[in-house]
Structure formats: C-alpha cells, structure tokens
Amino acid sequence: NALFRCVHTIKGSAGMFGFSHVVEFTHVVENVLDRLRGGEIVLTESLAALLLRCRDHIAALVEVETLEDEDLRVAGEKLLGELASYQEAGAAAATGETDAAEPSADDEAAGEPVESDAWHVSVRFDADVLRHGMDPLGFVRYLGTLGELASVTTVADALPALEAMDPESCYLGFEIDLKSDADKAAIEDAFEFVRELCDLRILPPRSRLGAYMQLLEELPEDADRLGEMLVASGALTAAELDAGLRLQAAGATDEGRAPLGEVLVGEGMVQAELVDAALSKQGQVRERKKAAAKQIRVSADKLDELINLVGELVIASSAVALNARNSGDTATQEAAAAMNLLVEDIRDGALQLRMVPIGETFQRFQRVVRDVSSELRKDIRLAISGADTELDKTVVEKIGDPLTHLVRNACDHGIEGAEARVAKGKPAQGTLALDARHDSGSIVIEVRDDGNGLNRDKILAKAVERGLVAPDAELSDREIHHLIFEPGFSTADAVTNLSGRGVGMDVVRKNIEALRGTVEVESRPGQGTTFRIRLPLTLAIIDGFLMNVGDDSFVVPLEYVDECIELAADDRRAQRGFVDLRGEVLPLIVLRRHFRLGGRAGRRENVVVVRFGAQKVGLVVDALQGEQQTVIKPLGELFRHLSGISGSTILGNGRVALIIDVPGLVQFAERRDERRYGRTVE
C-alpha cells in the first residue's frame, strides 16, 4: 500500500506539471502494484526484481524534463514489456489462474464476502486542498452523478480546537457508500484532479472480509469508539449503527449494557472478525498515543550544538576542579567534586541522545547484495545480526561507504559461484554476514563471508611485482593480508563493473581511520574472510586517563586502560622492549623515545597497560595524573598524518594535551616485534 501511494503521488505530481514521460511509465507500474495489493497477482522473486528496476528507472525519469535520451527510452520500453505480463490481459498467465478457477487459498483466508452491493469509498483530503482551489464537497457531489450515494459520513477527527483552527486548511474526510455500475477506474477518475492531495481507498461491492479488516488497519484516525470505526471502514452504515445503539439501550439490564460489538454481531449486522479487528485497532491506537506522548522530535543540529556546549562545560569543570585543588579549601574541593559528577551525568545523557541503531545502515545492503549477486549470477544470502547495536549518529553516517566496498568485494572476490562451491562440498548458496556488537568501550562491525579466502601467494606476488615489498622479504600472514589496503592494489585478473581498479580498499582504510577506528583482516584458505572494523562509540567526549612525560601531557581513552604499574629499576637499566607482567610478556613503548621528546626521565617511571582487542602494550610515562573527562578536538590538516595521536584536548589549566591513538601504537608494537623477533611477542 505504501509503495502504491508513493508511485501514485509521483504520477499525479508529474501529470500536474505535464511530464508525460513520467506519467506514462508510472501509470503502468501503479496498475501492477494495485493488482498486487489486491491479491490478483502474487509477489515472486522475478516480480520483486522487476519492481526494483522500475523504481530505479522512475528515479532516472524524474531527473529529466523530456525523454530525449535514447538509452533511457529503450530501457523504459524494455521494462514496460516485462510489466505487460502482469497487466489485466496477462493476469491469468502470471498467476496461473483460469476463468473457471476455484477460489484460491488466499481468497479463502480473506474470509467470506461482506453483504454489500455498494462501492465503499474512503477519502481523506490533504490540509492544503483548499489552497489549491479544490472543493472537497465538489468531488462528493460528482460521485453522485455516477450512481446513488447510499451513505455519506463526514470524518472530522483531525479538526483541531477552535483557537488552533486555520480557516484555509481542510480537516475533513468522507466515508461513502456508492451504488453504481461504474468500474473502479471511473470512480478513481472522479478524484483525478486531487489525487496527489488526498488519501483514497476504494472497496468494490461484496469485497471479502479481509479487505475490510485491512481498511480498518489503515484508517488514519485515532478513533477509540467501536461504532465509528466500523462505519469509517464501510463495514457498517450510520443507520445500522443507530439501530444497534437503540437495541443496546433496549436490552440494558441491572448489570448494565451488553457490549456494542456483541449486539451488532448477535443481530447479524457485522461479522465478528471485523469487531475483533476494530478492537485490536483500538488497542494499537492507545499504545501509539502513550508512546507518542513520551517522544519529541529534535533537530540534529540542535543536538550537535548541545554536545558542543557540554564539551565546553566539561573543560570549564576541569578548570574549576584544578583551582579547587590548588586552593586547598576542603569545602571548595567537595563542591567541585559534586559538580564534576553532575557534569559527567549531563555528558552521558547528552551523548546518549546521539546514539542510533546501526540496523538501518545494515538493511541498505539487502538491495546491494541482491543486485550484485544477480549481476554476478551467484546465489548469496545476507545475514544480519546486532542490528540494534547503537553508536554515534556521525559514525553511522560515515561508515556506509566503507561497508559498501567491503560488501561488494566479498560478493565479487570472496564468495564462489554455485558450481565451485558444490565441488568443494559447500552449500550452493553463499552467506555474507554483517554483525555489530559492543566490545571494551568500542563497537566492532564484522563483514564475514564463507567464500574462498584471501590468496596469500597471489597477494605477495602482486606486492613484489609492484615493488611494495622486497622479493626476499619474510612477512607474516597479517602483514600480507594488510597489503590489500595499499593504494591501487588489486589482484583481479580483469577490470569489471564491480572491482579490479584497486581504488576501493585503501579508501576503506582511510575512511575508517578518519573515524579513529581500525580495520583487521582474518582469512582462512577455502573457508572465508572476516573484515573486523573497530570504532569508538562517540567522536565527541570520552573518559580519559591523564599522564605526563616531562612537561608534556597525554590522554589515553579510559576504556583501553587495564592497569598501571611502576617500572622496576632492573627493567629501566636493561632498556629492553618488554617486561614480565606476572608471567606474561608485555611489549613496551617508551613515549619519550617514540615521540622524540626532549629532557631526561625522572627517578621514577610508570607503565600504563593498555589493551586493544586481544593485544596488550605498556606505555612508559613519567607521572600519572588519573581520570580526566576529555573533550576531543581535531588536530587539523597539518597534523593529519601524525602517527600515534588521534586528537587533542584542553586541560583545566588551559594547556593542550594530545590524545593517544592506542590502536595505532599497538599495531606499531606488533610490527616492531615482528621485525625484531621474527614474530609477535606472545
């Protein structure tokens, strides 16, 4: 129904402005959708694919004023030819029915026909219909010329309070029973000039019970009265309702009146199923009202402004806390601590407002996988899990393009054709999985396929050929897999519409790193490949751990911090790149040396143990300052390529502290240890 109304609105709007090429095509699509929603034809995979292509063609048509493009015209004619089999003449062939066919299972499920020899017309006019010079009553009067208006019920549920009423707006709708020999097309034509300014539903005489129940579900009014809903749906006339109410009053006893629904059903005025559907609708309406009362719409720009103000509040709170500590006054320190707790709650609440589920982004790939698998002649199923996982709306908006590259590559390079899969003992249908979950203060998004996996030897050979690595280089599987992210790198034998130009995977990495995230690759030959994207939950404000190296300050996101220990004197003298942490080898990164800071270390050094995924690294610093609310500030283009730093923040004393890029430092330690020891220290 929603699709039908959308296409009909496009057709009506195009007709108003004389875009005949849009009208002619959308009219045919509208007819097919109308027959589909009426149950005259059934939705098959081929019809769904055809309608999707029609949607794309309509989008192309509305971009041009005339149909001068020959390719566009030919594409439209081809689609119209395919739609012809679903029109009236080809309906029997399309649905497998004959003129003498018995009622189908769908017809039986829809129930018995409702005893009514009149067309039921349900129309709701748009608020702007009067401003367009249209008279709603004129269309009702015109219907009377097509037959007898057996019943006309005015629906005014949308009418506001007197002080809120706009005299130029229309708040009316009508429920009409029309006894006429006219067909549905003639009744629709009565509203031709106002079709884009009204919501029109038409039920033919003796429609089945299911059609009336569906109309009940689609009623726009939030009526709580059973009788009015039954009249509005066409299942009951106003006269029959009055008679039912009189019978209900006459049959009242000391215990009270019988429910109106029971009276109407008992007198045979309406089917019990319609009463049940109306009562169900009432329950849904009440629940929607309760939910609507708890929700308000807020502009995204206002949310962004709120986050910026909260960030400034966090910085000001840090300055107050610092001044309180320097003053030495206990009462001032307690007041500053209480304020800091409140600021944390405000910060968490404000950030929560920006959190949105990633499911909508995932659902977009249903169409991508469908189109790509059809083009490649592969059978691929998309499995989605973790769709309700929430993360910052900015991250959701920017992660779409990287995921698109990964999904298309998995369909093209990863998953084999059906014959190749069967020969390997796999199911003919390949599976591509999208999964999201929270992990250690970050969000992890995985793109998995059960395809052929990455070809290690082919990637390495291509890298040697392009001069990315030396011919005698000894690389780990991880280093080889990450070569696919090099600019221009591709192992495809031929360039296709989907891939082969080597311009996708490096964009994936750059876009993810721009979000302060990382991407990892795991692949097993013949079993499949997993791309694991790890992203921060928010890009605005975080809890951090403040530390010093000489006069310089650094902040580590608190979710990465495992523990803090003192660097033993023996380990300091040994100058080794690792320490023994309770029987576990812990790689070390001396921040003074890594960032080439001046000065000498003090008499005491500390190690901040950070974890990223399954890997741990120790950051050697001079002093520990403790937890610090951190407002992330971008470094700007000049420092965009600075390794190991993801941003900056302003401290309470007005100085700038750099935010450590923990994933980047962990990967640095891994590469360093692989070069030094030939493998990752474990």
# chains A, B, ... in the order shown; residues from 1 in each chain; ligands from 1
call {"tool": "select_by_dssp", "arguments": {"residues": "segment 364-613 of chain A", "states": "alpha helix (DSSP H)", "output": "short mmCIF file (atom, residue, chain, number, x, y, z; two decimals) with N, CA and C atoms, in the first residue's frame"}}
result
data_model
loop_
_atom_site.label_atom_id
_atom_site.label_comp_id
_atom_site.auth_asym_id
_atom_site.auth_seq_id
_atom_site.Cartn_x
_atom_site.Cartn_y
_atom_site.Cartn_z
N PHE A 365 21.99 -2.82 2.68
CA PHE A 365 22.79 -3.76 1.90
C PHE A 365 21.99 -4.95 1.40
N GLN A 366 20.72 -5.06 1.80
CA GLN A 366 19.88 -6.10 1.20
C GLN A 366 19.80 -5.88 -0.31
N ARG A 367 19.59 -4.63 -0.70
CA ARG A 367 19.48 -4.31 -2.14
C ARG A 367 20.84 -4.46 -2.81
N VAL A 368 21.90 -4.02 -2.14
CA VAL A 368 23.24 -4.13 -2.72
C VAL A 368 23.58 -5.58 -3.02
N VAL A 369 23.37 -6.46 -2.03
CA VAL A 369 23.69 -7.88 -2.22
C VAL A 369 22.81 -8.50 -3.29
N ARG A 370 21.54 -8.13 -3.29
CA ARG A 370 20.63 -8.67 -4.30
C ARG A 370 21.08 -8.30 -5.71
N ASP A 371 21.41 -7.01 -5.93
CA ASP A 371 21.81 -6.57 -7.26
C ASP A 371 23.15 -7.16 -7.68
N VAL A 372 24.13 -7.15 -6.76
CA VAL A 372 25.46 -7.65 -7.10
C VAL A 372 25.42 -9.15 -7.38
N SER A 373 24.71 -9.90 -6.55
CA SER A 373 24.65 -11.35 -6.77
C SER A 373 23.94 -11.67 -8.07
N SER A 374 22.92 -10.87 -8.42
CA SER A 374 22.23 -11.08 -9.69
C SER A 374 23.16 -10.79 -10.87
N GLU A 375 23.95 -9.71 -10.76
CA GLU A 375 24.88 -9.36 -11.84
C GLU A 375 25.96 -10.41 -12.00
N LEU A 376 26.42 -10.98 -10.88
CA LEU A 376 27.49 -11.98 -10.92
C LEU A 376 26.97 -13.40 -11.14
N LYS A 393 25.62 8.89 15.88
CA LYS A 393 24.99 9.08 14.57
C LYS A 393 26.01 9.52 13.52
N THR A 394 27.01 10.27 13.92
CA THR A 394 28.04 10.69 12.95
C THR A 394 28.80 9.49 12.43
N VAL A 395 29.10 8.54 13.31
CA VAL A 395 29.80 7.33 12.88
C VAL A 395 28.92 6.53 11.94
N VAL A 396 27.62 6.41 12.26
CA VAL A 396 26.70 5.66 11.40
C VAL A 396 26.65 6.27 10.01
N GLU A 397 26.61 7.60 9.94
CA GLU A 397 26.53 8.27 8.64
C GLU A 397 27.77 8.03 7.79
N LYS A 398 28.94 7.94 8.43
CA LYS A 398 30.18 7.87 7.67
C LYS A 398 30.68 6.45 7.43
N ILE A 399 30.06 5.45 8.06
CA ILE A 399 30.55 4.09 7.91
C ILE A 399 29.93 3.41 6.69
N GLY A 400 28.90 4.04 6.10
CA GLY A 400 28.20 3.42 4.99
C GLY A 400 29.08 3.11 3.79
N ASP A 401 29.91 4.07 3.35
CA ASP A 401 30.75 3.86 2.17
C ASP A 401 31.79 2.75 2.37
N PRO A 402 32.53 2.73 3.50
CA PRO A 402 33.46 1.61 3.70
C PRO A 402 32.77 0.26 3.70
N LEU A 403 31.61 0.17 4.32
CA LEU A 403 30.90 -1.11 4.34
C LEU A 403 30.46 -1.51 2.93
N THR A 404 30.08 -0.54 2.12
CA THR A 404 29.67 -0.84 0.75
C THR A 404 30.81 -1.48 -0.03
N HIS A 405 32.03 -0.93 0.09
CA HIS A 405 33.19 -1.51 -0.58
C HIS A 405 33.43 -2.94 -0.11
N LEU A 406 33.36 -3.16 1.19
CA LEU A 406 33.64 -4.49 1.73
C LEU A 406 32.58 -5.50 1.29
N VAL A 407 31.32 -5.09 1.29
CA VAL A 407 30.25 -6.00 0.89
C VAL A 407 30.38 -6.37 -0.59
N ARG A 408 30.62 -5.39 -1.45
CA ARG A 408 30.75 -5.66 -2.88
C ARG A 408 31.97 -6.53 -3.17
N ASN A 409 33.07 -6.27 -2.48
CA ASN A 409 34.27 -7.09 -2.68
C ASN A 409 34.04 -8.53 -2.22
N ALA A 418 28.07 -21.04 -7.61
CA ALA A 418 27.39 -22.21 -7.05
C ALA A 418 28.10 -23.51 -7.40
N GLU A 419 28.54 -23.66 -8.66
CA GLU A 419 29.18 -24.91 -9.08
C GLU A 419 30.50 -25.12 -8.34
N ALA A 420 31.29 -24.06 -8.20
CA ALA A 420 32.57 -24.18 -7.50
C ALA A 420 32.35 -24.52 -6.03
N ARG A 421 31.30 -23.96 -5.43
CA ARG A 421 31.03 -24.24 -4.02
C ARG A 421 30.60 -25.69 -3.82
N VAL A 422 29.74 -26.16 -4.68
CA VAL A 422 29.29 -27.56 -4.58
C VAL A 422 30.46 -28.52 -4.76
N ALA A 423 31.36 -28.19 -5.70
CA ALA A 423 32.53 -29.05 -5.93
C ALA A 423 33.42 -29.12 -4.70
N ARG A 456 47.08 -15.89 -0.29
CA ARG A 456 48.29 -15.32 0.28
C ARG A 456 49.40 -15.18 -0.76
N ASP A 457 49.64 -16.24 -1.52
CA ASP A 457 50.74 -16.23 -2.50
C ASP A 457 50.48 -15.21 -3.61
N LYS A 458 49.24 -15.09 -4.04
CA LYS A 458 48.91 -14.16 -5.12
C LYS A 458 49.08 -12.72 -4.66
N ILE A 459 48.68 -12.43 -3.42
CA ILE A 459 48.83 -11.08 -2.89
C ILE A 459 50.31 -10.72 -2.77
N LEU A 460 51.10 -11.66 -2.26
CA LEU A 460 52.53 -11.40 -2.09
C LEU A 460 53.21 -11.21 -3.44
N ALA A 461 52.86 -12.04 -4.42
CA ALA A 461 53.47 -11.91 -5.75
C ALA A 461 53.13 -10.55 -6.37
N LYS A 462 51.89 -10.11 -6.19
CA LYS A 462 51.49 -8.83 -6.75
C LYS A 462 52.22 -7.68 -6.05
N ALA A 463 52.40 -7.81 -4.74
CA ALA A 463 53.11 -6.78 -3.99
C ALA A 463 54.57 -6.69 -4.43
N VAL A 464 55.21 -7.84 -4.67
CA VAL A 464 56.60 -7.85 -5.15
C VAL A 464 56.68 -7.22 -6.54
N GLU A 465 55.70 -7.57 -7.38
CA GLU A 465 55.67 -7.03 -8.75
C GLU A 465 55.56 -5.52 -8.75
N ASP A 477 51.36 -13.55 7.93
CA ASP A 477 50.06 -13.56 7.24
C ASP A 477 49.34 -12.24 7.43
N ARG A 478 49.43 -11.68 8.63
CA ARG A 478 48.76 -10.42 8.91
C ARG A 478 49.28 -9.29 8.02
N GLU A 479 50.62 -9.21 7.88
CA GLU A 479 51.21 -8.16 7.04
C GLU A 479 50.83 -8.35 5.58
N ILE A 480 50.78 -9.59 5.13
CA ILE A 480 50.41 -9.85 3.73
C ILE A 480 48.96 -9.48 3.49
N HIS A 481 48.08 -9.86 4.42
CA HIS A 481 46.66 -9.53 4.25
C HIS A 481 46.44 -8.03 4.21
N MET A 505 39.85 -0.55 -1.45
CA MET A 505 40.25 -0.93 -0.10
C MET A 505 41.07 0.15 0.61
N ASP A 506 41.87 0.91 -0.13
CA ASP A 506 42.61 1.99 0.53
C ASP A 506 41.66 3.07 1.01
N VAL A 507 40.55 3.28 0.27
CA VAL A 507 39.52 4.23 0.70
C VAL A 507 38.85 3.72 1.98
N VAL A 508 38.64 2.42 2.04
CA VAL A 508 38.05 1.82 3.24
C VAL A 508 38.91 2.15 4.46
N ARG A 509 40.20 1.89 4.35
CA ARG A 509 41.08 2.13 5.49
C ARG A 509 41.13 3.61 5.87
N LYS A 510 41.23 4.49 4.88
CA LYS A 510 41.32 5.92 5.17
C LYS A 510 40.05 6.43 5.86
N ASN A 511 38.90 5.98 5.38
CA ASN A 511 37.65 6.44 5.97
C ASN A 511 37.48 5.94 7.40
N ILE A 512 37.91 4.71 7.64
CA ILE A 512 37.79 4.14 8.99
C ILE A 512 38.77 4.83 9.93
N GLU A 513 39.99 5.06 9.47
CA GLU A 513 40.97 5.75 10.32
C GLU A 513 40.55 7.19 10.60
N ALA A 514 39.82 7.81 9.67
CA ALA A 514 39.32 9.16 9.90
C ALA A 514 38.30 9.19 11.03
N ALA A 569 63.40 -0.91 38.61
CA ALA A 569 64.73 -0.35 38.32
C ALA A 569 65.52 -1.26 37.40
N ASP A 570 65.42 -2.59 37.59
CA ASP A 570 66.16 -3.52 36.72
C ASP A 570 65.70 -3.42 35.29
N ASP A 571 64.38 -3.27 35.07
CA ASP A 571 63.86 -3.15 33.71
C ASP A 571 64.29 -1.83 33.08
N ARG A 572 64.39 -0.78 33.88
CA ARG A 572 64.85 0.51 33.35
C ARG A 572 66.29 0.42 32.89
N ARG A 573 67.12 -0.24 33.70
CA ARG A 573 68.53 -0.35 33.33
C ARG A 573 68.73 -1.26 32.12
N ALA A 574 67.88 -2.30 32.01
CA ALA A 574 68.05 -3.27 30.91
C ALA A 574 67.70 -2.67 29.55
N LEU A 591 57.12 6.44 25.52
CA LEU A 591 56.56 7.58 24.81
C LEU A 591 57.58 8.69 24.60
N ARG A 592 58.53 8.89 25.54
CA ARG A 592 59.55 9.91 25.37
C ARG A 592 60.37 9.63 24.12
N ARG A 593 60.72 8.36 23.93
CA ARG A 593 61.54 7.97 22.78
C ARG A 593 60.69 7.94 21.50
N HIS A 594 59.45 7.43 21.63
CA HIS A 594 58.59 7.27 20.45
C HIS A 594 58.26 8.62 19.82
#
call {"tool": "residues_around", "arguments": {"residues": "Leu200 of chain A", "least_positions_apart": "3", "cutoff": "7 Å", "atoms": "only C-alpha atoms", "output": "PDB file with N, CA, C and O atoms, in the first residue's frame"}}
result
ATOM      1  N   SER A 122     -13.345   5.524   0.691  1.00  0.00           N
ATOM      2  CA  SER A 122     -12.776   6.171   1.875  1.00  0.00           C
ATOM      3  C   SER A 122     -11.772   7.210   1.401  1.00  0.00           C
ATOM      4  O   SER A 122     -10.795   6.874   0.721  1.00  0.00           O
ATOM      5  N   VAL A 123     -12.006   8.478   1.727  1.00  0.00           N
ATOM      6  CA  VAL A 123     -11.129   9.545   1.238  1.00  0.00           C
ATOM      7  C   VAL A 123     -10.813  10.504   2.377  1.00  0.00           C
ATOM      8  O   VAL A 123     -11.684  10.863   3.170  1.00  0.00           O
ATOM      9  N   ARG A 124      -9.523  10.866   2.488  1.00  0.00           N
ATOM     10  CA  ARG A 124      -9.058  11.870   3.444  1.00  0.00           C
ATOM     11  C   ARG A 124      -8.316  12.944   2.655  1.00  0.00           C
ATOM     12  O   ARG A 124      -7.335  12.645   1.959  1.00  0.00           O
TER      13      ARG A 124
END
call {"tool": "residues_around", "arguments": {"residues": "Asp56 of chain A", "least_positions_apart": "5", "cutoff": "12 Å", "atoms": "only C-alpha atoms", "output": "list of chain:residue names"}}
result
A:Thr26, A:Ala49, A:Leu50, A:Leu51, A:Leu61, A:Val62, A:Glu63, A:Leu72, A:Ala75, A:Gly76, A:Leu79, A:Arg367, A:Asp371
call {"tool": "write_last_selection", "arguments": {"atoms": "N, CA and C atoms", "output": "compact mmCIF listing (two decimals), in the first residue's frame"}}
result
# COMPACT_ATOMS: atom_id res chain seq x y z
N THR A 26 4.87 5.50 -14.91
CA THR A 26 4.41 5.23 -13.54
C THR A 26 2.97 4.71 -13.53
N ALA A 49 12.29 -8.24 -8.37
CA ALA A 49 13.45 -7.70 -9.08
C ALA A 49 13.02 -6.69 -10.15
N LEU A 50 11.90 -6.99 -10.83
CA LEU A 50 11.40 -6.09 -11.87
C LEU A 50 10.95 -4.76 -11.26
N LEU A 51 10.25 -4.82 -10.14
CA LEU A 51 9.78 -3.58 -9.49
C LEU A 51 10.94 -2.75 -8.97
N LEU A 61 13.81 9.00 -14.54
CA LEU A 61 12.85 9.79 -15.31
C LEU A 61 12.59 11.15 -14.68
N VAL A 62 12.50 11.20 -13.35
CA VAL A 62 12.18 12.47 -12.70
C VAL A 62 13.34 13.45 -12.76
N GLU A 63 14.50 13.00 -13.21
CA GLU A 63 15.66 13.89 -13.33
C GLU A 63 15.72 14.58 -14.68
N LEU A 72 17.65 5.83 -22.21
CA LEU A 72 16.60 5.86 -21.19
C LEU A 72 15.27 5.42 -21.78
N ALA A 75 15.37 1.63 -22.31
CA ALA A 75 15.27 0.94 -21.02
C ALA A 75 13.83 0.94 -20.52
N GLY A 76 13.13 2.07 -20.70
CA GLY A 76 11.74 2.14 -20.28
C GLY A 76 10.85 1.20 -21.07
N LEU A 79 11.30 -2.34 -19.84
CA LEU A 79 10.61 -2.57 -18.58
C LEU A 79 9.10 -2.67 -18.77
N ARG A 367 19.59 -4.63 -0.70
CA ARG A 367 19.48 -4.31 -2.14
C ARG A 367 20.84 -4.46 -2.81
N ASP A 371 21.41 -7.01 -5.93
CA ASP A 371 21.81 -6.57 -7.26
C ASP A 371 23.15 -7.16 -7.68
call {"tool": "closest_residue", "arguments": {"among": "A:Asp450, A:Asp34, A:Glu196, A:Glu77", "to": "Ile10 of chain A", "atoms": "only C-alpha atoms"}}
result
A:Glu196
call {"tool": "closest_residue", "arguments": {"among": "A:Ala48, A:Ile384, A:Met165, A:Ala433", "to": "Cys411 of chain A", "atoms": "only C-alpha atoms"}}
result
A:Ala433
call {"tool": "residues_around", "arguments": {"residues": "Arg437 of chain A", "least_positions_apart": "6", "cutoff": "10 Å", "atoms": "only C-alpha atoms", "output": "PyMOL selection string"}}
result
chain A and resi 385-391+443-446+534
call {"tool": "write_last_selection", "arguments": {"atoms": "N, CA, C and O atoms", "output": "PDB file, in the first residue's frame"}}
result
ATOM      1  N   SER A 385      23.033  -9.483  11.980  1.00  0.00           N
ATOM      2  CA  SER A 385      22.888  -9.662  13.421  1.00  0.00           C
ATOM      3  C   SER A 385      23.428  -8.418  14.125  1.00  0.00           C
ATOM      4  O   SER A 385      24.269  -7.705  13.582  1.00  0.00           O
ATOM      5  N   GLY A 386      22.925  -8.166  15.312  1.00  0.00           N
ATOM      6  CA  GLY A 386      23.362  -6.988  16.059  1.00  0.00           C
ATOM      7  C   GLY A 386      22.845  -5.685  15.496  1.00  0.00           C
ATOM      8  O   GLY A 386      23.456  -4.632  15.714  1.00  0.00           O
ATOM      9  N   ALA A 387      21.694  -5.727  14.782  1.00  0.00           N
ATOM     10  CA  ALA A 387      21.175  -4.512  14.149  1.00  0.00           C
ATOM     11  C   ALA A 387      20.748  -3.464  15.168  1.00  0.00           C
ATOM     12  O   ALA A 387      20.666  -2.278  14.843  1.00  0.00           O
ATOM     13  N   ASP A 388      20.455  -3.880  16.402  1.00  0.00           N
ATOM     14  CA  ASP A 388      20.030  -2.926  17.418  1.00  0.00           C
ATOM     15  C   ASP A 388      21.197  -2.310  18.179  1.00  0.00           C
ATOM     16  O   ASP A 388      20.994  -1.527  19.111  1.00  0.00           O
ATOM     17  N   THR A 389      22.432  -2.648  17.789  1.00  0.00           N
ATOM     18  CA  THR A 389      23.609  -2.051  18.428  1.00  0.00           C
ATOM     19  C   THR A 389      23.655  -0.556  18.115  1.00  0.00           C
ATOM     20  O   THR A 389      23.536  -0.147  16.965  1.00  0.00           O
ATOM     21  N   GLU A 390      23.857   0.257  19.137  1.00  0.00           N
ATOM     22  CA  GLU A 390      23.817   1.704  18.965  1.00  0.00           C
ATOM     23  C   GLU A 390      25.215   2.308  18.978  1.00  0.00           C
ATOM     24  O   GLU A 390      26.091   1.855  19.715  1.00  0.00           O
ATOM     25  N   LEU A 391      25.401   3.337  18.170  1.00  0.00           N
ATOM     26  CA  LEU A 391      26.625   4.124  18.175  1.00  0.00           C
ATOM     27  C   LEU A 391      26.316   5.525  17.700  1.00  0.00           C
ATOM     28  O   LEU A 391      25.188   5.813  17.276  1.00  0.00           O
ATOM     29  N   ILE A 443      32.815  -0.228  19.387  1.00  0.00           N
ATOM     30  CA  ILE A 443      31.881  -1.035  18.627  1.00  0.00           C
ATOM     31  C   ILE A 443      32.657  -1.791  17.560  1.00  0.00           C
ATOM     32  O   ILE A 443      33.549  -1.230  16.909  1.00  0.00           O
ATOM     33  N   VAL A 444      32.352  -3.066  17.418  1.00  0.00           N
ATOM     34  CA  VAL A 444      33.018  -3.919  16.439  1.00  0.00           C
ATOM     35  C   VAL A 444      32.000  -4.300  15.367  1.00  0.00           C
ATOM     36  O   VAL A 444      30.934  -4.829  15.682  1.00  0.00           O
ATOM     37  N   ILE A 445      32.330  -4.011  14.115  1.00  0.00           N
ATOM     38  CA  ILE A 445      31.487  -4.378  12.976  1.00  0.00           C
ATOM     39  C   ILE A 445      32.259  -5.390  12.138  1.00  0.00           C
ATOM     40  O   ILE A 445      33.396  -5.134  11.741  1.00  0.00           O
ATOM     41  N   GLU A 446      31.639  -6.527  11.884  1.00  0.00           N
ATOM     42  CA  GLU A 446      32.298  -7.576  11.109  1.00  0.00           C
ATOM     43  C   GLU A 446      31.563  -7.813   9.794  1.00  0.00           C
ATOM     44  O   GLU A 446      30.330  -7.853   9.762  1.00  0.00           O
ATOM     45  N   ARG A 534      36.822  -1.802  14.060  1.00  0.00           N
ATOM     46  CA  ARG A 534      36.637  -1.381  15.453  1.00  0.00           C
ATOM     47  C   ARG A 534      36.571   0.145  15.483  1.00  0.00           C
ATOM     48  O   ARG A 534      37.483   0.820  15.021  1.00  0.00           O
TER      49      ARG A 534
END
call {"tool": "residues_around", "arguments": {"residues": "Gly647 of chain A", "least_positions_apart": "3", "cutoff": "7 Å", "atoms": "only C-alpha atoms", "output": "list in words"}}
result
Ile632, Lys633, Pro634, Leu635, Leu658 and Ile659 of chain A
call {"tool": "write_last_selection", "arguments": {"atoms": "N, CA, C and O atoms", "output": "short mmCIF file (atom, residue, chain, number, x, y, z; two decimals), in the first residue's frame"}}
result
data_model
loop_
_atom_site.label_atom_id
_atom_site.label_comp_id
_atom_site.auth_asym_id
_atom_site.auth_seq_id
_atom_site.Cartn_x
_atom_site.Cartn_y
_atom_site.Cartn_z
N ILE A 632 37.23 15.84 22.85
CA ILE A 632 38.12 15.59 21.71
C ILE A 632 38.07 16.75 20.73
O ILE A 632 37.00 17.13 20.25
N LYS A 633 39.23 17.30 20.44
CA LYS A 633 39.36 18.37 19.46
C LYS A 633 40.21 17.86 18.30
O LYS A 633 41.26 17.23 18.51
N PRO A 634 39.79 18.09 17.07
CA PRO A 634 40.60 17.63 15.92
C PRO A 634 41.92 18.39 15.84
O PRO A 634 42.01 19.56 16.25
N LEU A 635 42.92 17.74 15.28
CA LEU A 635 44.25 18.35 15.18
C LEU A 635 44.39 19.25 13.97
O LEU A 635 45.28 20.08 13.90
N LEU A 658 47.67 15.87 24.18
CA LEU A 658 47.45 15.04 23.00
C LEU A 658 46.80 13.72 23.41
O LEU A 658 47.13 13.14 24.45
N ILE A 659 45.86 13.25 22.60
CA ILE A 659 45.15 12.00 22.87
C ILE A 659 45.86 10.87 22.13
O ILE A 659 46.07 10.93 20.91
#
call {"tool": "atom_distance", "arguments": {"atom1": "atom CA of Arg195 of chain A", "atom2": "atom CA of His8 of chain A"}}
result
8.0 Å
call {"tool": "decode", "arguments": {"residues": "segment 540-553 of chain A", "atoms": "N, CA, C and O atoms", "output": "compact mmCIF listing (two decimals), in the first residue's frame"}}
result
# COMPACT_ATOMS: atom_id res chain seq x y z
N ALA A 540 32.94 12.66 20.27
CA ALA A 540 32.88 13.98 20.89
C ALA A 540 33.58 14.05 22.24
O ALA A 540 34.54 14.79 22.40
N ILE A 541 33.10 13.29 23.22
CA ILE A 541 33.61 13.39 24.60
C ILE A 541 33.85 11.99 25.13
O ILE A 541 33.02 11.09 24.93
N ILE A 542 34.96 11.79 25.80
CA ILE A 542 35.29 10.48 26.34
C ILE A 542 35.81 10.63 27.77
O ILE A 542 36.15 11.72 28.21
N ASP A 543 35.85 9.51 28.48
CA ASP A 543 36.59 9.45 29.74
C ASP A 543 38.04 9.11 29.39
O ASP A 543 38.30 8.14 28.67
N GLY A 544 38.97 9.88 29.92
CA GLY A 544 40.37 9.66 29.61
C GLY A 544 41.21 9.47 30.86
O GLY A 544 40.76 9.72 31.98
N PHE A 545 42.44 9.01 30.65
CA PHE A 545 43.41 8.85 31.74
C PHE A 545 44.59 9.75 31.41
O PHE A 545 45.25 9.59 30.38
N LEU A 546 44.84 10.74 32.30
CA LEU A 546 45.84 11.76 32.04
C LEU A 546 47.19 11.33 32.60
O LEU A 546 47.29 10.82 33.73
N MET A 547 48.27 11.54 31.82
CA MET A 547 49.62 11.19 32.25
C MET A 547 50.60 12.20 31.66
O MET A 547 50.28 12.90 30.69
N ASN A 548 51.80 12.25 32.27
CA ASN A 548 52.80 13.23 31.84
C ASN A 548 54.09 12.54 31.43
O ASN A 548 54.50 11.54 32.00
N VAL A 549 54.72 13.14 30.41
CA VAL A 549 56.09 12.79 30.03
C VAL A 549 56.85 14.11 30.03
O VAL A 549 56.72 14.92 29.11
N GLY A 550 57.63 14.34 31.10
CA GLY A 550 58.26 15.64 31.27
C GLY A 550 57.21 16.70 31.44
O GLY A 550 56.31 16.60 32.27
N ASP A 551 57.29 17.75 30.62
CA ASP A 551 56.31 18.84 30.69
C ASP A 551 55.13 18.62 29.75
O ASP A 551 54.24 19.48 29.66
N ASP A 552 55.14 17.53 29.03
CA ASP A 552 54.07 17.25 28.05
C ASP A 552 53.01 16.34 28.67
O ASP A 552 53.32 15.43 29.44
N SER A 553 51.76 16.58 28.29
CA SER A 553 50.63 15.81 28.81
C SER A 553 50.01 14.97 27.70
O SER A 553 49.89 15.42 26.54
